[in-house]
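Notes follow the structure.
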Amino acid sequence: MRTLILDIETSPNLAWVWGLRNQFVAINQIEQSSEMLSWAAKWRGSNETYFGSTFHNGKQDMLEGLHEMMEEADIIVTFNGERFDLPIINQEFLFAGMNPPKPYMSVDLYRTVSRRFRTPSNKLAYWLERLGLEGKADTGGFELWKKCMLGDNEAWATMMQYNTDDVIRTEQLMEKILPWIPNFPVEVVADAVDQEGKPVVKCACGSCRIQRRGYKRTASGLHYRQYACMDCGRWFRERTHDKEVAKSPLVHAGQI
């Protein structure tokens, strides 16, 4: 399975407004809608990063380059991508007359840290600092985006570095919290079986040191074989339930 780490940058909406506070902006006040300015990506485990932008490639070529990479991915990892990056990418493909990329599994690290932990902040910068990782690059604020939209070469060099750095930091965060990511899939080792004749799997961390730990029972009463990774500590279960174990109903507290 190929895992793609992805991050995008966008322009702000440009609009005619009457004031600075508590403004309602009607559709006919929008001069230019927000759009994708650039994307950066890398394959998990690779040192090479990829970058595309409206400035360096033009809008259509930028989108086609991103589409090609997403077509190759089995898993796409983002930070807040479910609410931001991926919907924006989808609308850009739609407006450009492009088809959706092939189906992939989305892993949003923001969802993991916001649902599984409770901290003062769920921003990427906060989590990088708390886990002792290198922090986000300093952009200088809104002026960078403004200069990029005006075609400033130096600003675009800074934007490229900022975008690609975010992808690298996102991958580093992913590796740190990997045991806590509930939907990161395991991989079947080709042509390998265990003593029971079942396919050998690798944990998401790449380890084959897997120990069976009983069963995971679902709300419907089905039983799935459960495993723990002896290297990263991650827990996971098989995709199909064990038909040899009888389906057992759950007993609700009111029935006891």
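Labeling convention for the structure tokens: chains A, B, ... as they appear, residues from 1 per chain, ligands from 1 in order of appearance.
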
Considering only C-alpha atoms, return as a list in words whatever protein or nucleic-acid residues lie within 12 Å of Pro87 (chain A), sequence-local ones (same chain, fewer than 3 positions apart) excluded.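 In the requested format, the answer is Ile8, Glu35, Met36, Asn80, Gly81, Glu82, Arg83, Phe84, Asn90, Gln91, Glu92, Phe93, Leu94, Pro100 and Ser106 of chain A.
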
Mind writing the picked residues with all heavy atoms as a compact mmCIF listing (two decimals), in the first residue's frame?
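The new file result30.txt reads:
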# COMPACT_ATOMS: atom_id res chain seq x y z
N ILE A 8 -2.28 21.43 1.40
CA ILE A 8 -2.50 22.48 0.40
C ILE A 8 -2.49 23.86 1.05
O ILE A 8 -2.66 23.99 2.27
CB ILE A 8 -3.82 22.29 -0.38
CG1 ILE A 8 -5.02 22.56 0.54
CG2 ILE A 8 -3.90 20.90 -0.99
CD1 ILE A 8 -6.34 22.66 -0.21
N GLU A 35 -9.22 30.04 -3.74
CA GLU A 35 -8.85 28.92 -4.57
C GLU A 35 -7.53 28.32 -4.08
O GLU A 35 -6.82 28.92 -3.28
CB GLU A 35 -8.71 29.34 -6.03
CG GLU A 35 -7.60 30.35 -6.26
CD GLU A 35 -7.42 30.71 -7.73
OE1 GLU A 35 -8.11 30.10 -8.56
OE2 GLU A 35 -6.57 31.58 -8.02
N MET A 36 -7.23 27.13 -4.56
CA MET A 36 -5.98 26.49 -4.19
C MET A 36 -4.80 27.23 -4.84
O MET A 36 -4.79 27.45 -6.04
CB MET A 36 -5.96 25.02 -4.61
CG MET A 36 -4.81 24.24 -4.01
SD MET A 36 -4.52 22.63 -4.81
CE MET A 36 -6.16 21.95 -4.83
N ASN A 80 -6.30 17.90 9.36
CA ASN A 80 -7.56 18.63 9.14
C ASN A 80 -7.98 18.56 7.67
O ASN A 80 -8.69 19.43 7.18
CB ASN A 80 -7.45 20.10 9.59
CG ASN A 80 -8.81 20.73 9.83
OD1 ASN A 80 -9.77 20.06 10.20
ND2 ASN A 80 -8.91 22.02 9.60
N GLY A 81 -7.57 17.52 7.00
CA GLY A 81 -7.90 17.37 5.58
C GLY A 81 -9.36 17.04 5.32
O GLY A 81 -9.89 17.38 4.26
N GLU A 82 -10.03 16.39 6.26
CA GLU A 82 -11.43 16.01 6.05
C GLU A 82 -12.32 17.24 5.95
O GLU A 82 -13.32 17.24 5.21
CB GLU A 82 -11.92 15.12 7.20
CG GLU A 82 -11.30 13.73 7.23
CD GLU A 82 -11.83 12.83 6.13
OE1 GLU A 82 -12.92 13.14 5.61
OE2 GLU A 82 -11.16 11.85 5.79
N ARG A 83 -11.99 18.29 6.66
CA ARG A 83 -12.82 19.50 6.64
C ARG A 83 -12.26 20.58 5.73
O ARG A 83 -13.01 21.48 5.33
CB ARG A 83 -12.97 20.07 8.06
CG ARG A 83 -13.75 19.19 9.00
CD ARG A 83 -14.18 19.93 10.24
NE ARG A 83 -13.04 20.46 10.99
CZ ARG A 83 -13.14 21.20 12.09
NH1 ARG A 83 -14.33 21.50 12.57
NH2 ARG A 83 -12.06 21.63 12.71
N PHE A 84 -10.97 20.51 5.41
CA PHE A 84 -10.36 21.60 4.65
C PHE A 84 -9.75 21.12 3.33
O PHE A 84 -10.31 21.34 2.26
CB PHE A 84 -9.30 22.31 5.50
CG PHE A 84 -8.70 23.52 4.85
CD1 PHE A 84 -9.39 24.71 4.80
CD2 PHE A 84 -7.43 23.46 4.26
CE1 PHE A 84 -8.84 25.83 4.18
CE2 PHE A 84 -6.87 24.56 3.64
CZ PHE A 84 -7.57 25.76 3.61
N ASN A 90 -11.44 18.53 -4.02
CA ASN A 90 -12.57 17.98 -4.79
C ASN A 90 -13.24 19.06 -5.64
O ASN A 90 -13.58 18.84 -6.80
CB ASN A 90 -13.59 17.35 -3.84
CG ASN A 90 -13.08 16.07 -3.19
OD1 ASN A 90 -12.13 15.46 -3.68
ND2 ASN A 90 -13.70 15.68 -2.10
N GLN A 91 -13.46 20.24 -5.05
CA GLN A 91 -14.14 21.28 -5.80
C GLN A 91 -13.26 21.81 -6.93
O GLN A 91 -13.75 22.16 -8.01
CB GLN A 91 -14.59 22.41 -4.89
CG GLN A 91 -13.51 23.39 -4.47
CD GLN A 91 -14.06 24.54 -3.64
OE1 GLN A 91 -15.12 24.45 -3.04
NE2 GLN A 91 -13.32 25.64 -3.61
N GLU A 92 -11.95 21.84 -6.71
CA GLU A 92 -11.05 22.27 -7.77
C GLU A 92 -11.08 21.30 -8.94
O GLU A 92 -11.08 21.71 -10.11
CB GLU A 92 -9.62 22.41 -7.23
CG GLU A 92 -9.42 23.53 -6.22
CD GLU A 92 -9.39 24.91 -6.85
OE1 GLU A 92 -9.64 25.04 -8.07
OE2 GLU A 92 -9.10 25.88 -6.13
N PHE A 93 -11.10 20.00 -8.65
CA PHE A 93 -11.20 19.01 -9.71
C PHE A 93 -12.52 19.17 -10.47
O PHE A 93 -12.57 19.09 -11.70
CB PHE A 93 -11.10 17.59 -9.13
CG PHE A 93 -9.71 17.21 -8.66
CD1 PHE A 93 -9.55 16.16 -7.77
CD2 PHE A 93 -8.59 17.88 -9.10
CE1 PHE A 93 -8.28 15.78 -7.34
CE2 PHE A 93 -7.31 17.52 -8.66
CZ PHE A 93 -7.16 16.47 -7.78
N LEU A 94 -13.61 19.37 -9.72
CA LEU A 94 -14.92 19.54 -10.34
C LEU A 94 -14.95 20.74 -11.27
O LEU A 94 -15.38 20.65 -12.43
CB LEU A 94 -15.99 19.69 -9.25
CG LEU A 94 -17.40 20.02 -9.75
CD1 LEU A 94 -17.98 18.87 -10.58
CD2 LEU A 94 -18.31 20.35 -8.57
N PRO A 100 -13.15 12.42 -10.37
CA PRO A 100 -12.56 12.14 -9.06
C PRO A 100 -11.39 11.17 -9.20
O PRO A 100 -11.40 10.31 -10.09
CB PRO A 100 -13.71 11.48 -8.27
CG PRO A 100 -14.95 11.83 -9.02
CD PRO A 100 -14.56 11.96 -10.45
N SER A 106 -8.82 7.87 3.70
CA SER A 106 -8.38 9.13 4.28
C SER A 106 -8.05 8.95 5.76
O SER A 106 -8.86 8.43 6.53
CB SER A 106 -9.48 10.19 4.12
OG SER A 106 -9.15 11.36 4.84

Which of region 4-230 of chain A counts as strand (DSSP E or B) under DSSP, as number ranges by chain please? A: 4-10, 14-15, 30-32, 36-43, 49-53, 75-78, 105-108, 187-193, 199-202, 210-217, 223-229

Atom-to-atom span, CA of Glu72 (chain A) and CA of Lys42 (chain A), Å: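 We find that CA of Glu72 (chain A) and CA of Lys42 (chain A) lie 11.8 Å from each other.
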
Which residues are near Glu143 (chain A)? Cut-off 10 Å, only C-alpha atoms, ignore same chain within fewer than 5 positions. Put them as an mmCIF file with N, CA and C atoms, in the first residue's frame.
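What landed in selection_8.cif:
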data_model
loop_
_atom_site.group_PDB
_atom_site.id
_atom_site.type_symbol
_atom_site.label_atom_id
_atom_site.label_comp_id
_atom_site.auth_asym_id
_atom_site.auth_seq_id
_atom_site.Cartn_x
_atom_site.Cartn_y
_atom_site.Cartn_z
ATOM 1 N N CYS A 148 2.349 36.503 -2.693
ATOM 2 C CA CYS A 148 2.248 35.377 -3.630
ATOM 3 C C CYS A 148 1.194 35.652 -4.693
ATOM 4 N N MET A 149 0.054 36.208 -4.284
ATOM 5 C CA MET A 149 -1.007 36.504 -5.239
ATOM 6 C C MET A 149 -0.604 37.610 -6.209
ATOM 7 N N ALA A 155 8.530 35.567 -2.344
ATOM 8 C CA ALA A 155 7.412 35.096 -1.523
ATOM 9 C C ALA A 155 7.045 33.670 -1.905
#

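From CA of Ala26 (chain A) back to CA of Gly151 (chain A), the distance works out to 28.1 Å.
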
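The shortest atom-to-atom distance to Ser46 (chain A), with only C-alpha atoms taken into account, belongs to A:Ile168 out of A:Gln60, A:Ile168, A:Leu178, A:Glu154.
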
Could you jot down the CA of Ser34 (chain A) to CA of Ser11 (chain A) separation for me, Å, one decimal place?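 Computed distance, CA of Ser34 (chain A) to CA of Ser11 (chain A), equals 5.1 Å.
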
Nearest to Thr10 (chain A) among A:Thr164, A:Thr218, A:Asn99, A:Ser53, with distances taken over only C-alpha atoms: which residue is it?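 Checking each of A:Thr164, A:Thr218, A:Asn99, A:Ser53 against Thr10 (chain A), counting only C-alpha atoms, the winner is A:Ser53.
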
Determine, counting only C-alpha atoms, which protein, DNA and RNA residues have an atom within 7 Å of an atom of Asp166 (chain A); residues of the same chain fewer than 4 positions away are not included. Present the result as a list in words. Asp7, Lys136, Tyr162 and Thr170 of chain A

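Omitting Trp127 (chain A) and its sequence neighbours fewer than 5 positions away, and counting only C-alpha atoms, the residues within 12 Å are A:Phe79, A:Leu109, A:Tyr110, A:Thr112, A:Val113, A:Ser114, A:Phe117, A:Arg118, A:Thr119, A:Pro120, A:Ser121, A:Asn122, A:Gly132, A:Leu133, A:Glu134, A:Gly135, A:Lys136, A:Arg169, A:Thr170, A:Gln172, A:Leu173, A:Met174, A:Lys176, A:Ile177.
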
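Among the candidate residues A:Ala73, A:Ala204, A:Ile27, A:Leu66, the one lying nearest to Phe51 (chain A) is A:Leu66, with distances computed using only C-alpha atoms.
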